[in-house]
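Trainee: You'll find final-v7.json just under this line, and it carries JSON, C-alpha atoms and all ligand atoms.
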```json
[["chain", "number", "residue", "atom", "x", "y", "z"],
["A", 1, "MET", "CA", -44.95, 122.83, -125.93],
["A", 2, "THR", "CA", -44.25, 126.54, -125.67],
["A", 3, "VAL", "CA", -46.25, 128.98, -123.55],
["A", 4, "GLU", "CA", -47.60, 130.52, -126.79],
["A", 5, "ALA", "CA", -48.82, 127.14, -128.05],
["A", 6, "ILE", "CA", -50.44, 126.25, -124.72],
["A", 7, "ALA", "CA", -52.06, 129.70, -124.46],
["A", 8, "GLU", "CA", -53.44, 129.30, -127.97],
["A", 9, "GLY", "CA", -54.68, 125.77, -127.14],
["A", 10, "ILE", "CA", -56.51, 127.04, -124.04],
["A", 11, "SER", "CA", -58.08, 130.03, -125.86],
["A", 12, "SER", "CA", -59.28, 127.89, -128.74],
["A", 13, "MET", "CA", -60.48, 125.18, -126.32],
["A", 14, "SER", "CA", -58.39, 122.38, -127.75],
["A", 15, "ILE", "CA", -57.24, 122.28, -124.11],
["A", 16, "ARG", "CA", -60.30, 122.76, -121.92],
["A", 17, "GLY", "CA", -61.83, 121.91, -118.55],
["A", 18, "ALA", "CA", -60.77, 123.75, -115.42],
["A", 19, "ALA", "CA", -58.21, 121.22, -114.17],
["A", 20, "ARG", "CA", -56.68, 120.56, -117.56],
["A", 21, "ILE", "CA", -56.09, 124.23, -118.29],
["A", 22, "ALA", "CA", -54.44, 124.67, -114.89],
["A", 23, "GLU", "CA", -52.23, 121.66, -115.47],
["A", 24, "ALA", "CA", -51.34, 122.73, -119.00],
["A", 25, "ALA", "CA", -50.38, 126.21, -117.75],
["A", 26, "ALA", "CA", -48.28, 124.81, -114.89],
["A", 27, "GLY", "CA", -46.59, 122.38, -117.30],
["A", 28, "ALA", "CA", -45.87, 125.20, -119.79],
["A", 29, "LEU", "CA", -44.25, 127.33, -117.06],
["A", 30, "VAL", "CA", -42.11, 124.40, -115.89],
["A", 31, "GLN", "CA", -40.99, 123.83, -119.49],
["A", 32, "GLU", "CA", -40.26, 127.53, -119.94],
["A", 33, "ALA", "CA", -38.15, 127.54, -116.76],
["A", 34, "LYS", "CA", -36.23, 124.49, -117.99],
["A", 35, "ASN", "CA", -35.51, 126.12, -121.37],
["A", 36, "TYR", "CA", -34.59, 129.61, -120.15],
["A", 37, "LYS", "CA", -31.13, 130.57, -121.39],
["A", 38, "GLY", "CA", -30.23, 133.87, -119.66],
["A", 39, "ASP", "CA", -28.14, 134.31, -116.50],
["A", 40, "ASN", "CA", -29.82, 137.29, -114.81],
["A", 41, "ALA", "CA", -32.28, 136.21, -112.12],
["A", 42, "LEU", "CA", -34.35, 139.40, -112.24],
["A", 43, "GLU", "CA", -34.74, 139.13, -116.01],
["A", 44, "PHE", "CA", -35.67, 135.48, -115.59],
["A", 45, "GLU", "CA", -38.30, 136.41, -113.02],
["A", 46, "GLU", "CA", -39.75, 139.09, -115.31],
["A", 47, "HIS", "CA", -39.78, 136.62, -118.21],
["A", 48, "MET", "CA", -41.73, 134.09, -116.13],
["A", 49, "ARG", "CA", -44.21, 136.77, -115.02],
["A", 50, "LYS", "CA", -44.75, 137.73, -118.66],
["A", 51, "CYS", "CA", -45.40, 134.11, -119.64],
["A", 52, "ALA", "CA", -47.85, 133.77, -116.74],
["A", 53, "ARG", "CA", -49.71, 136.93, -117.80],
["A", 54, "LYS", "CA", -50.07, 135.51, -121.30],
["A", 55, "LEU", "CA", -51.56, 132.29, -119.92],
["A", 56, "LEU", "CA", -53.87, 134.21, -117.59],
["A", 57, "GLN", "CA", -55.38, 136.12, -120.50],
["A", 58, "THR", "CA", -56.69, 132.96, -122.14],
["A", 59, "ARG", "CA", -59.83, 132.23, -120.12],
["A", 60, "PRO", "CA", -61.19, 134.35, -117.30],
["A", 61, "THR", "CA", -63.57, 132.18, -115.26],
["A", 62, "ALA", "CA", -61.75, 129.11, -113.97],
["A", 63, "VAL", "CA", -59.76, 130.09, -110.88],
["A", 64, "SER", "CA", -57.85, 126.84, -111.28],
["A", 65, "LEU", "CA", -55.80, 128.57, -113.98],
["A", 66, "LYS", "CA", -54.79, 131.36, -111.59],
["A", 67, "ASN", "CA", -54.15, 128.90, -108.78],
["A", 68, "GLY", "CA", -52.04, 126.59, -110.98],
["A", 69, "ILE", "CA", -49.94, 129.57, -112.02],
["A", 70, "ARG", "CA", -49.70, 130.84, -108.42],
["A", 71, "ALA", "CA", -48.60, 127.43, -107.20],
["A", 72, "THR", "CA", -45.93, 127.12, -109.90],
["A", 73, "LEU", "CA", -44.58, 130.65, -109.52],
["A", 74, "LYS", "CA", -44.76, 130.60, -105.71],
["A", 75, "PRO", "CA", -40.95, 130.96, -105.53],
["A", 76, "ILE", "CA", -41.07, 134.36, -107.26],
["A", 77, "PHE", "CA", -43.92, 135.55, -105.06],
["A", 78, "GLY", "CA", -41.91, 134.58, -101.96],
["A", 79, "PRO", "CA", -39.15, 136.57, -100.26],
["A", 80, "MET", "CA", -36.42, 135.92, -102.83],
["A", 81, "GLY", "CA", -34.42, 139.12, -102.23],
["A", 82, "GLY", "CA", -31.32, 139.50, -104.38],
["A", 83, "GLU", "CA", -29.93, 136.15, -103.26],
["A", 84, "TRP", "CA", -31.35, 133.91, -105.95],
["A", 85, "THR", "CA", -29.47, 132.85, -109.05],
["A", 86, "VAL", "CA", -31.21, 131.74, -112.24],
["A", 87, "GLU", "CA", -30.38, 128.16, -111.25],
["A", 88, "ASP", "CA", -31.95, 128.53, -107.77],
["A", 89, "LEU", "CA", -35.07, 130.05, -109.22],
["A", 90, "ARG", "CA", -35.29, 127.52, -112.05],
["A", 91, "LYS", "CA", -35.02, 124.62, -109.60],
["A", 92, "ALA", "CA", -37.64, 126.13, -107.26],
["A", 93, "ILE", "CA", -40.13, 126.78, -110.08],
["A", 94, "ILE", "CA", -39.68, 123.28, -111.53],
["A", 95, "GLU", "CA", -40.18, 121.72, -108.10],
["A", 96, "ALA", "CA", -43.25, 123.85, -107.35],
["A", 97, "GLY", "CA", -44.85, 123.19, -110.74],
["A", 98, "GLU", "CA", -44.17, 119.47, -110.62],
["A", 99, "ALA", "CA", -45.59, 119.27, -107.10],
["A", 100, "PHE", "CA", -48.78, 121.00, -108.31],
["A", 101, "LEU", "CA", -49.11, 118.53, -111.19],
["A", 102, "GLU", "CA", -48.50, 115.52, -108.96],
["A", 103, "ASN", "CA", -51.03, 116.76, -106.38],
["A", 104, "ALA", "CA", -53.61, 117.36, -109.12],
["A", 105, "LYS", "CA", -53.22, 113.76, -110.29],
["A", 106, "ARG", "CA", -53.54, 112.34, -106.80],
["A", 107, "ALA", "CA", -56.48, 114.67, -106.03],
["A", 108, "LEU", "CA", -58.54, 113.14, -108.80],
["A", 109, "GLU", "CA", -58.01, 109.63, -107.40],
["A", 110, "SER", "CA", -59.15, 110.70, -103.91],
["A", 111, "ILE", "CA", -62.16, 112.58, -105.28],
["A", 112, "ALA", "CA", -63.19, 109.47, -107.25],
["A", 113, "GLU", "CA", -62.91, 107.28, -104.17],
["A", 114, "TYR", "CA", -64.69, 109.63, -101.75],
["A", 115, "GLY", "CA", -67.36, 110.63, -104.25],
["A", 116, "SER", "CA", -68.15, 107.05, -105.25],
["A", 117, "LYS", "CA", -69.10, 106.34, -101.65],
["A", 118, "ARG", "CA", -71.87, 108.93, -101.92],
["A", 119, "ILE", "CA", -73.51, 107.14, -104.85],
["A", 120, "LYS", "CA", -76.19, 104.64, -103.87],
["A", 121, "GLN", "CA", -76.40, 101.13, -105.28],
["A", 122, "GLY", "CA", -78.42, 101.00, -108.52],
["A", 123, "SER", "CA", -78.15, 104.73, -109.22],
["A", 124, "VAL", "CA", -79.09, 106.65, -112.31],
["A", 125, "VAL", "CA", -77.10, 109.89, -112.34],
["A", 126, "MET", "CA", -77.05, 113.02, -114.45],
["A", 127, "THR", "CA", -73.98, 115.02, -115.41],
["A", 128, "HIS", "CA", -73.49, 118.24, -117.36],
["A", 129, "CYS", "CA", -70.72, 119.34, -119.71],
["A", 130, "ASN", "CA", -67.45, 117.41, -119.49],
["A", 131, "SER", "CA", -65.78, 117.37, -116.09],
["A", 132, "ASN", "CA", -62.91, 115.05, -115.39],
["A", 133, "ALA", "CA", -63.58, 115.26, -111.65],
["A", 134, "ALA", "CA", -67.29, 114.45, -112.01],
["A", 135, "LEU", "CA", -66.56, 111.62, -114.45],
["A", 136, "SER", "CA", -63.94, 110.17, -112.13],
["A", 137, "VAL", "CA", -66.60, 109.86, -109.42],
["A", 138, "ILE", "CA", -69.10, 108.33, -111.84],
["A", 139, "GLU", "CA", -66.58, 105.88, -113.30],
["A", 140, "LYS", "CA", -65.38, 104.76, -109.86],
["A", 141, "ALA", "CA", -68.99, 104.27, -108.72],
["A", 142, "PHE", "CA", -69.64, 102.24, -111.88],
["A", 143, "GLU", "CA", -66.56, 100.10, -111.16],
["A", 144, "LYS", "CA", -68.09, 99.40, -107.75],
["A", 145, "GLY", "CA", -71.30, 98.24, -109.46],
["A", 146, "LYS", "CA", -73.36, 101.18, -108.18],
["A", 147, "ILE", "CA", -74.33, 102.96, -111.41],
["A", 148, "GLU", "CA", -77.01, 101.71, -113.76],
["A", 149, "ARG", "CA", -77.06, 104.59, -116.23],
["A", 150, "VAL", "CA", -75.74, 108.09, -116.79],
["A", 151, "PHE", "CA", -77.76, 110.88, -118.40],
["A", 152, "ALA", "CA", -75.47, 113.45, -119.99],
["A", 153, "THR", "CA", -76.60, 116.83, -121.27],
["A", 154, "GLU", "CA", -75.49, 118.05, -124.64],
["A", 155, "SER", "CA", -74.13, 121.31, -123.13],
["A", 156, "ARG", "CA", -74.83, 123.83, -125.85],
["A", 157, "PRO", "CA", -73.30, 125.68, -127.51],
["A", 158, "TRP", "CA", -69.95, 123.88, -127.53],
["A", 159, "ARG", "CA", -71.48, 120.43, -126.92],
["A", 160, "GLN", "CA", -68.92, 119.15, -124.44],
["A", 161, "GLY", "CA", -71.58, 116.52, -123.62],
["A", 162, "HIS", "CA", -70.47, 114.66, -126.74],
["A", 163, "LEU", "CA", -67.02, 114.17, -125.18],
["A", 164, "THR", "CA", -68.71, 112.88, -122.02],
["A", 165, "VAL", "CA", -70.96, 110.34, -123.72],
["A", 166, "ARG", "CA", -68.14, 109.05, -125.94],
["A", 167, "ARG", "CA", -65.86, 108.60, -122.91],
["A", 168, "LEU", "CA", -68.56, 106.76, -120.93],
["A", 169, "ALA", "CA", -69.57, 104.59, -123.90],
["A", 170, "LEU", "CA", -65.91, 103.58, -124.41],
["A", 171, "LYS", "CA", -65.92, 102.39, -120.81],
["A", 172, "LYS", "CA", -69.13, 100.46, -121.49],
["A", 173, "ILE", "CA", -71.11, 102.59, -119.06],
["A", 174, "PRO", "CA", -74.78, 102.83, -120.16],
["A", 175, "VAL", "CA", -75.28, 106.45, -121.15],
["A", 176, "THR", "CA", -78.11, 108.56, -122.59],
["A", 177, "LEU", "CA", -77.44, 111.87, -124.33],
["A", 178, "ILE", "CA", -80.15, 114.49, -123.82],
["A", 179, "VAL", "CA", -80.58, 118.09, -124.91],
["A", 180, "ASP", "CA", -80.16, 120.66, -122.17],
["A", 181, "SER", "CA", -83.85, 121.54, -122.14],
["A", 182, "ALA", "CA", -84.80, 117.91, -121.33],
["A", 183, "VAL", "CA", -83.28, 118.04, -117.84],
["A", 184, "ARG", "CA", -86.54, 118.67, -115.98],
["A", 185, "HIS", "CA", -88.31, 116.00, -118.01],
["A", 186, "PHE", "CA", -85.87, 113.37, -116.71],
["A", 187, "ILE", "CA", -84.89, 114.71, -113.30],
["A", 188, "ASN", "CA", -87.36, 112.58, -111.31],
["A", 189, "GLU", "CA", -85.63, 109.44, -112.62],
["A", 190, "MET", "CA", -82.27, 110.55, -111.16],
["A", 191, "ASP", "CA", -80.69, 109.49, -107.90],
["A", 192, "ALA", "CA", -78.02, 112.17, -108.05],
["A", 193, "VAL", "CA", -76.59, 114.95, -110.18],
["A", 194, "VAL", "CA", -72.79, 114.93, -110.37],
["A", 195, "VAL", "CA", -71.02, 117.95, -111.88],
["A", 196, "GLY", "CA", -67.64, 119.63, -111.75],
["A", 197, "ALA", "CA", -66.65, 123.24, -111.05],
["A", 198, "ASP", "CA", -64.52, 125.94, -112.61],
["A", 199, "THR", "CA", -64.52, 128.08, -109.51],
["A", 200, "ILE", "CA", -65.99, 127.83, -106.04],
["A", 201, "ALA", "CA", -66.48, 131.17, -104.34],
["A", 202, "SER", "CA", -65.79, 131.72, -100.66],
["A", 203, "ASN", "CA", -69.57, 131.70, -99.97],
["A", 204, "GLY", "CA", -69.85, 128.23, -101.55],
["A", 205, "ALA", "CA", -71.39, 129.33, -104.88],
["A", 206, "VAL", "CA", -70.32, 126.96, -107.64],
["A", 207, "ILE", "CA", -69.39, 128.43, -111.00],
["A", 208, "ASN", "CA", -69.58, 125.78, -113.70],
["A", 209, "LYS", "CA", -70.75, 125.33, -117.31],
["A", 210, "VAL", "CA", -73.79, 127.46, -118.11],
["A", 211, "GLY", "CA", -76.93, 125.46, -117.35],
["A", 212, "THR", "CA", -75.56, 123.95, -114.13],
["A", 213, "SER", "CA", -77.67, 126.31, -112.04],
["A", 214, "GLN", "CA", -80.86, 125.33, -113.90],
["A", 215, "ILE", "CA", -80.09, 121.65, -113.34],
["A", 216, "ALA", "CA", -79.44, 122.33, -109.64],
["A", 217, "LEU", "CA", -82.74, 124.18, -109.39],
["A", 218, "CYS", "CA", -84.63, 121.26, -110.98],
["A", 219, "ALA", "CA", -82.77, 118.80, -108.77],
["A", 220, "ASN", "CA", -83.64, 120.81, -105.68],
["A", 221, "GLU", "CA", -87.31, 120.86, -106.63],
["A", 222, "ALA", "CA", -87.23, 117.08, -107.24],
["A", 223, "ARG", "CA", -85.20, 116.40, -104.04],
["A", 224, "VAL", "CA", -82.32, 114.94, -106.05],
["A", 225, "PRO", "CA", -78.92, 115.53, -104.40],
["A", 226, "VAL", "CA", -76.40, 117.68, -106.27],
["A", 227, "LEU", "CA", -72.80, 116.56, -105.80],
["A", 228, "VAL", "CA", -70.00, 118.85, -107.01],
["A", 229, "ALA", "CA", -66.62, 117.20, -107.60],
["A", 230, "ALA", "CA", -63.77, 119.69, -107.41],
["A", 231, "GLU", "CA", -60.11, 119.78, -106.47],
["A", 232, "THR", "CA", -59.22, 122.34, -103.78],
["A", 233, "PHE", "CA", -57.44, 124.43, -106.43],
["A", 234, "LYS", "CA", -60.90, 125.35, -107.76],
["A", 235, "PHE", "CA", -61.59, 127.45, -104.64],
["A", 236, "SER", "CA", -61.19, 131.15, -105.25],
["A", 237, "PRO", "CA", -59.00, 133.17, -102.87],
["A", 238, "GLY", "CA", -59.98, 136.45, -104.58],
["A", 239, "THR", "CA", -63.64, 136.04, -103.66],
["A", 240, "LEU", "CA", -62.67, 136.14, -99.98],
["A", 241, "GLU", "CA", -61.53, 139.69, -100.63],
["A", 242, "GLY", "CA", -64.71, 140.65, -102.46],
["A", 243, "GLU", "CA", -63.63, 139.87, -106.03],
["A", 244, "LEU", "CA", -66.50, 138.79, -108.31],
["A", 245, "VAL", "CA", -66.02, 135.80, -110.60],
["A", 246, "GLU", "CA", -65.93, 136.95, -114.21],
["A", 247, "ILE", "CA", -68.29, 134.94, -116.40],
["A", 248, "GLU", "CA", -66.65, 134.30, -119.77],
["A", 249, "GLU", "CA", -68.58, 135.45, -122.84],
["A", 250, "ARG", "CA", -67.42, 133.55, -125.89],
["A", 251, "ASP", "CA", -67.76, 134.11, -129.60],
["A", 252, "LEU", "CA", -71.38, 134.56, -130.72],
["A", 253, "GLY", "CA", -70.69, 132.28, -133.69],
["A", 254, "GLU", "CA", -70.64, 129.38, -131.23],
["A", 255, "VAL", "CA", -74.41, 129.88, -130.81],
["A", 256, "VAL", "CA", -75.50, 130.60, -134.41],
["A", 257, "ASP", "CA", -74.03, 132.39, -137.40],
["A", 258, "PRO", "CA", -74.94, 136.01, -136.51],
["A", 259, "LYS", "CA", -75.09, 136.87, -140.25],
["A", 260, "GLU", "CA", -78.13, 134.59, -140.57],
["A", 261, "PHE", "CA", -79.95, 136.53, -137.83],
["A", 262, "PRO", "CA", -79.82, 140.20, -138.82],
["A", 263, "GLY", "CA", -81.25, 142.53, -136.18],
["A", 264, "VAL", "CA", -80.92, 139.89, -133.44],
["A", 265, "ASP", "CA", -78.73, 140.31, -130.36],
["A", 266, "ILE", "CA", -77.04, 137.10, -129.30],
["A", 267, "ALA", "CA", -75.47, 136.34, -125.93],
["A", 268, "ASN", "CA", -73.08, 133.52, -125.12],
["A", 269, "PRO", "CA", -72.16, 133.40, -121.44],
["A", 270, "VAL", "CA", -70.48, 130.03, -120.96],
["A", 271, "PHE", "CA", -70.63, 129.63, -117.17],
["A", 272, "ASP", "CA", -73.17, 130.37, -114.46],
["A", 273, "ALA", "CA", -73.26, 130.47, -110.67],
["A", 274, "THR", "CA", -75.20, 127.97, -108.58],
["A", 275, "PRO", "CA", -75.95, 129.32, -105.10],
["A", 276, "PRO", "CA", -74.65, 127.14, -102.23],
["A", 277, "ASP", "CA", -78.20, 126.28, -101.09],
["A", 278, "TYR", "CA", -78.64, 124.22, -104.26],
["A", 279, "VAL", "CA", -75.49, 122.17, -103.71],
["A", 280, "ASP", "CA", -75.59, 119.24, -101.30],
["A", 281, "VAL", "CA", -71.88, 118.53, -101.01],
["A", 282, "ILE", "CA", -68.56, 119.40, -102.57],
["A", 283, "ILE", "CA", -66.28, 116.40, -103.00],
["A", 284, "THR", "CA", -62.64, 117.49, -102.70],
["A", 285, "GLU", "CA", -59.43, 115.47, -102.36],
["A", 286, "ARG", "CA", -59.31, 116.58, -98.73],
["A", 287, "GLY", "CA", -62.77, 115.31, -97.96],
["A", 288, "ILE", "CA", -66.42, 115.93, -98.56],
["A", 289, "ILE", "CA", -67.55, 119.32, -97.36],
["A", 290, "SER", "CA", -70.67, 121.44, -97.22],
["A", 291, "PRO", "CA", -70.57, 124.35, -99.70],
["A", 292, "HIS", "CA", -70.92, 126.57, -96.64],
["A", 293, "ALA", "CA", -67.42, 125.47, -95.58],
["A", 294, "ALA", "CA", -65.84, 126.69, -98.82],
["A", 295, "TYR", "CA", -63.99, 129.57, -97.19],
["A", 296, "GLN", "CA", -61.65, 127.13, -95.46],
["A", 297, "PHE", "CA", -59.98, 126.24, -98.77],
["A", 298, "ALA", "CA", -60.46, 129.58, -100.50],
["A", 299, "ALA", "CA", -57.59, 131.26, -98.67],
["A", 300, "GLU", "CA", -54.93, 128.69, -99.44],
["A", 301, "PHE", "CA", -53.42, 129.91, -102.70],
["A", 302, "GLY", "CA", -53.14, 133.59, -101.79],
["A", 303, "THR", "CA", -54.07, 136.34, -104.20],
["A", 304, "ASP", "CA", -50.68, 137.08, -105.81],
["A", 305, "LEU", "CA", -50.72, 137.55, -109.55],
["A", 306, "PRO", "CA", -47.74, 138.09, -111.84],
["A", 401, "LIG", "C1", -65.80, 122.88, -118.62],
["A", 401, "LIG", "C2", -66.64, 122.80, -117.40],
["A", 401, "LIG", "C3", -66.32, 121.70, -116.42],
["A", 401, "LIG", "C4", -65.36, 122.27, -115.37],
["A", 401, "LIG", "C5", -64.78, 121.18, -114.48],
["A", 401, "LIG", "O1", -66.04, 124.06, -119.36],
["A", 401, "LIG", "O2", -67.50, 123.61, -117.14],
["A", 401, "LIG", "O3", -67.47, 121.25, -115.78],
["A", 401, "LIG", "O4", -64.30, 122.94, -116.01],
["A", 401, "LIG", "O5", -63.99, 120.32, -115.26],
["A", 401, "LIG", "P1", -65.18, 124.33, -120.69],
["A", 401, "LIG", "P2", -62.82, 119.44, -114.62],
["A", 401, "LIG", "O6", -65.40, 123.19, -121.61],
["A", 401, "LIG", "O7", -65.74, 125.62, -121.20],
["A", 401, "LIG", "O8", -63.74, 124.46, -120.29],
["A", 401, "LIG", "O9", -63.45, 118.64, -113.54],
["A", 401, "LIG", "O10", -62.34, 118.58, -115.76],
["A", 401, "LIG", "O11", -61.78, 120.37, -114.11]]
```
For this file, write the structure as structure tokens.
Mentor:
Amino acid sequence: MTVEAIAEGISSMSIRGAARIAEAAAGALVQEAKNYKGDNALEFEEHMRKCARKLLQTRPTAVSLKNGIRATLKPIFGPMGGEWTVEDLRKAIIEAGEAFLENAKRALESIAEYGSKRIKQGSVVMTHCNSNAALSVIEKAFEKGKIERVFATESRPWRQGHLTVRRLALKKIPVTLIVDSAVRHFINEMDAVVVGADTIASNGAVINKVGTSQIALCANEARVPVLVAAETFKFSPGTLEGELVEIEERDLGEVVDPKEFPGVDIANPVFDATPPDYVDVIITERGIISPHAAYQFAAEFGTDLP
């Protein structure tokens, strides 16, 4: 698929979830590098930067998108000088992008394995939205016979919870769909909350689907551990340098039809920030860490942007 098609898919959310958008962007850049026809390396580099900027404009919150693009275009951020030909650059971008995609795949397997060890036998767990990383942990724990039931929130307004419950039901995992406002009603029955992340700031704050912070607050009050499953490419290098994570505001029509509510202001922030004190552990492919250790991964991707 072309960069335009992938960018459109990410904006319209037919491609969604922090890891998937990063992988789709990396894959689109690899494809673009493969298809490039010109023979001037500087023009090629500028073309790739332009494609990357287009992909970056699609969704602002998930740092995985930036990091996936940074990892794939690392060769053009490096000291290339005037030595590179189009062929050199093409090969380097393809290798870098494919390595990112391969690592992302392997990361999910490690996260599932490590995370499943933190789930107790006979657990009832709650999840929010639709996170591949969180579901990998839950599914692996179920395979090991540790999960009795999953409670999944609807995740208004987009209702990604429907994707979650369908996926779990297909795998024959007992699952209950609840509305977002029922979290506190059920929280005392939970043994753990398992969620994903779009971005983890250098201070350990977890930015994930709006509502995550309320669930973490309820879990904290009820002494239910909150486990965040996230690949290390969800850690934000920019926040180390003081950058604030932009919270995406999506179309108001996702909440209600504004025409039916004249005189009413509507807001639709789609992510929120959970402070590190409300997160017990972050499960990464490189091990399980305290949110207070987030800075150690935040620096890895650098802050270059095309
Ligand atoms: C998805 C969401 C997910 C994270 C992590 O939001 O908040 O919890 O992206 O997902 P949206 P994953 O539907 O708005 O993209 O673990 O799959 O990367």
Trainee: Distance table requested - chain A against ligand LIG 401 (chain A), cut-off 8 Å, all atoms listed in the file: one row per qualifying residue with the closest atom pair and its distance in Å to one decimal, ordered by chain and rising residue number, as a Markdown table.
Mentor:
```
| residue | atom | partner | partner_atom | distance |
| --- | --- | --- | --- | --- |
| A:Met13 | CA | A:LIG401 | O8 | 6.9 |
| A:Ile15 | CA | A:LIG401 | O8 | 7.8 |
| A:Arg16 | CA | A:LIG401 | O8 | 4.2 |
| A:Gly17 | CA | A:LIG401 | O8 | 3.6 |
| A:Ala18 | CA | A:LIG401 | O4 | 3.7 |
| A:Ala19 | CA | A:LIG401 | O11 | 3.7 |
| A:Arg20 | CA | A:LIG401 | O11 | 6.2 |
| A:Ile21 | CA | A:LIG401 | O8 | 7.9 |
| A:Ala62 | CA | A:LIG401 | O4 | 7.0 |
| A:His128 | CA | A:LIG401 | O3 | 6.9 |
| A:Cys129 | CA | A:LIG401 | O3 | 5.4 |
| A:Asn130 | CA | A:LIG401 | O3 | 5.3 |
| A:Ser131 | CA | A:LIG401 | O5 | 3.5 |
| A:Asn132 | CA | A:LIG401 | O10 | 3.6 |
| A:Ala133 | CA | A:LIG401 | O9 | 3.9 |
| A:Ala134 | CA | A:LIG401 | O9 | 5.9 |
| A:Leu135 | CA | A:LIG401 | O9 | 7.7 |
| A:Trp158 | CA | A:LIG401 | O6 | 7.5 |
| A:Gln160 | CA | A:LIG401 | O6 | 6.1 |
| A:Val195 | CA | A:LIG401 | O3 | 6.2 |
| A:Gly196 | CA | A:LIG401 | C5 | 4.2 |
| A:Ala197 | CA | A:LIG401 | C5 | 4.4 |
| A:Asp198 | CA | A:LIG401 | O4 | 4.5 |
| A:Asn208 | CA | A:LIG401 | O2 | 4.6 |
| A:Lys209 | CA | A:LIG401 | O2 | 3.7 |
| A:Val210 | CA | A:LIG401 | O2 | 7.4 |
| A:Ala229 | CA | A:LIG401 | O9 | 6.9 |
| A:Ala230 | CA | A:LIG401 | O9 | 6.2 |
| A:Glu231 | CA | A:LIG401 | O11 | 7.8 |
| A:Val270 | CA | A:LIG401 | O7 | 6.5 |
| A:Phe271 | CA | A:LIG401 | O2 | 6.8 |
```
Trainee: Do you have the atom CA of Arg53 of chain A-atom CA of Pro269 of chain A distance handy?
Mentor: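 Interatomic distance, atom CA of Arg53 of chain A to atom CA of Pro269 of chain A: 23.0 Å.
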Trainee: What separation in Å, quoted to one decimal, exists between atom CA of Ala219 of chain A and atom CA of Ile289 of chain A?
Mentor: 19.0 Å
Trainee: How many Å separate atom CA of Ile119 of chain A from atom CA of Phe233 of chain A?
Mentor: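 Interatomic distance, atom CA of Ile119 of chain A to atom CA of Phe233 of chain A: 23.7 Å.
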Trainee: Which residue out of A:Ile247, A:Ala96, A:Ala33, A:Val281 has the minimum interatomic distance to His47 of chain A when only C-alpha atoms are used?
Mentor: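 Ranking A:Ile247, A:Ala96, A:Ala33, A:Val281 by distance to His47 of chain A, first place goes to A:Ala33.
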Trainee: Can you tell me, as a PDB file with C-alpha atoms, in the coordinates of the input, what residues are no more than 6 Å from Ala112 of chain A when counting all atoms listed in the file, ignoring any on the same chain fewer than 4 positions away?
Mentor:
```
ATOM      1  CA  SER A 116     -68.150 107.050-105.250  1.00  0.00           C
ATOM      2  CA  SER A 136     -63.940 110.170-112.130  1.00  0.00           C
ATOM      3  CA  VAL A 137     -66.600 109.860-109.420  1.00  0.00           C
ATOM      4  CA  LYS A 140     -65.380 104.760-109.860  1.00  0.00           C
TER       5      LYS A 140
END
```
Trainee: Is it possible to get the residues within 12 Å of (-46.9, 133.4, -122.4) (coordinates as in the file, counting only C-alpha atoms) written as a PyMOL selection string?
Mentor: chain A and resi 1-10+25-26+28-29+31-33+46-58+69+306
Trainee: Give me the residues within 7 Å of Ala152 of chain A as a ChimeraX atom specification, counting all atoms listed in the file and dropping any in the same chain fewer than 5 places off.
Mentor: /A:126-128,161,165,176-178
Trainee: From the options A:Gly97, A:Pro225, A:Pro237, A:Pro60, which residue's atoms come nearest to Lys74 of chain A, counting only C-alpha atoms?
Mentor: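 Checking each candidate against Lys74 of chain A, we get A:Gly97 as the closest.
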Trainee: Considering only C-alpha atoms, return as a list in words whatever protein or nucleic-acid residues lie within 9 Å of Ala92 of chain A, sequence-local ones (same chain, fewer than 3 positions apart) excluded.
Mentor: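 Residues near the query, excluding close chain neighbours: Thr72, Leu73, Lys74, Pro75, Ile76, Glu87, Asp88, Leu89, Glu95, Ala96 and Gly97 of chain A.
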Trainee: Any idea what's packed within 8 Å of Ala294 of chain A, counting only C-alpha atoms, ignoring anything in its chain fewer than 4 positions away? Could you give it as a list in words?
Mentor: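 In the requested format, the answer is Ile200, Ala201, Ser202, Asn203, Gly204, Phe235, Ile289, Ser290 and Ala298 of chain A.
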Trainee: Rank A:Leu305, A:Leu42, A:Val30, A:Val194 by their smallest atom-to-atom distance to Ala99 of chain A, using all atoms listed in the file, and report the top residue only.
Mentor: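 Counting all atoms listed in the file, the residue closest to Ala99 of chain A is A:Val30.
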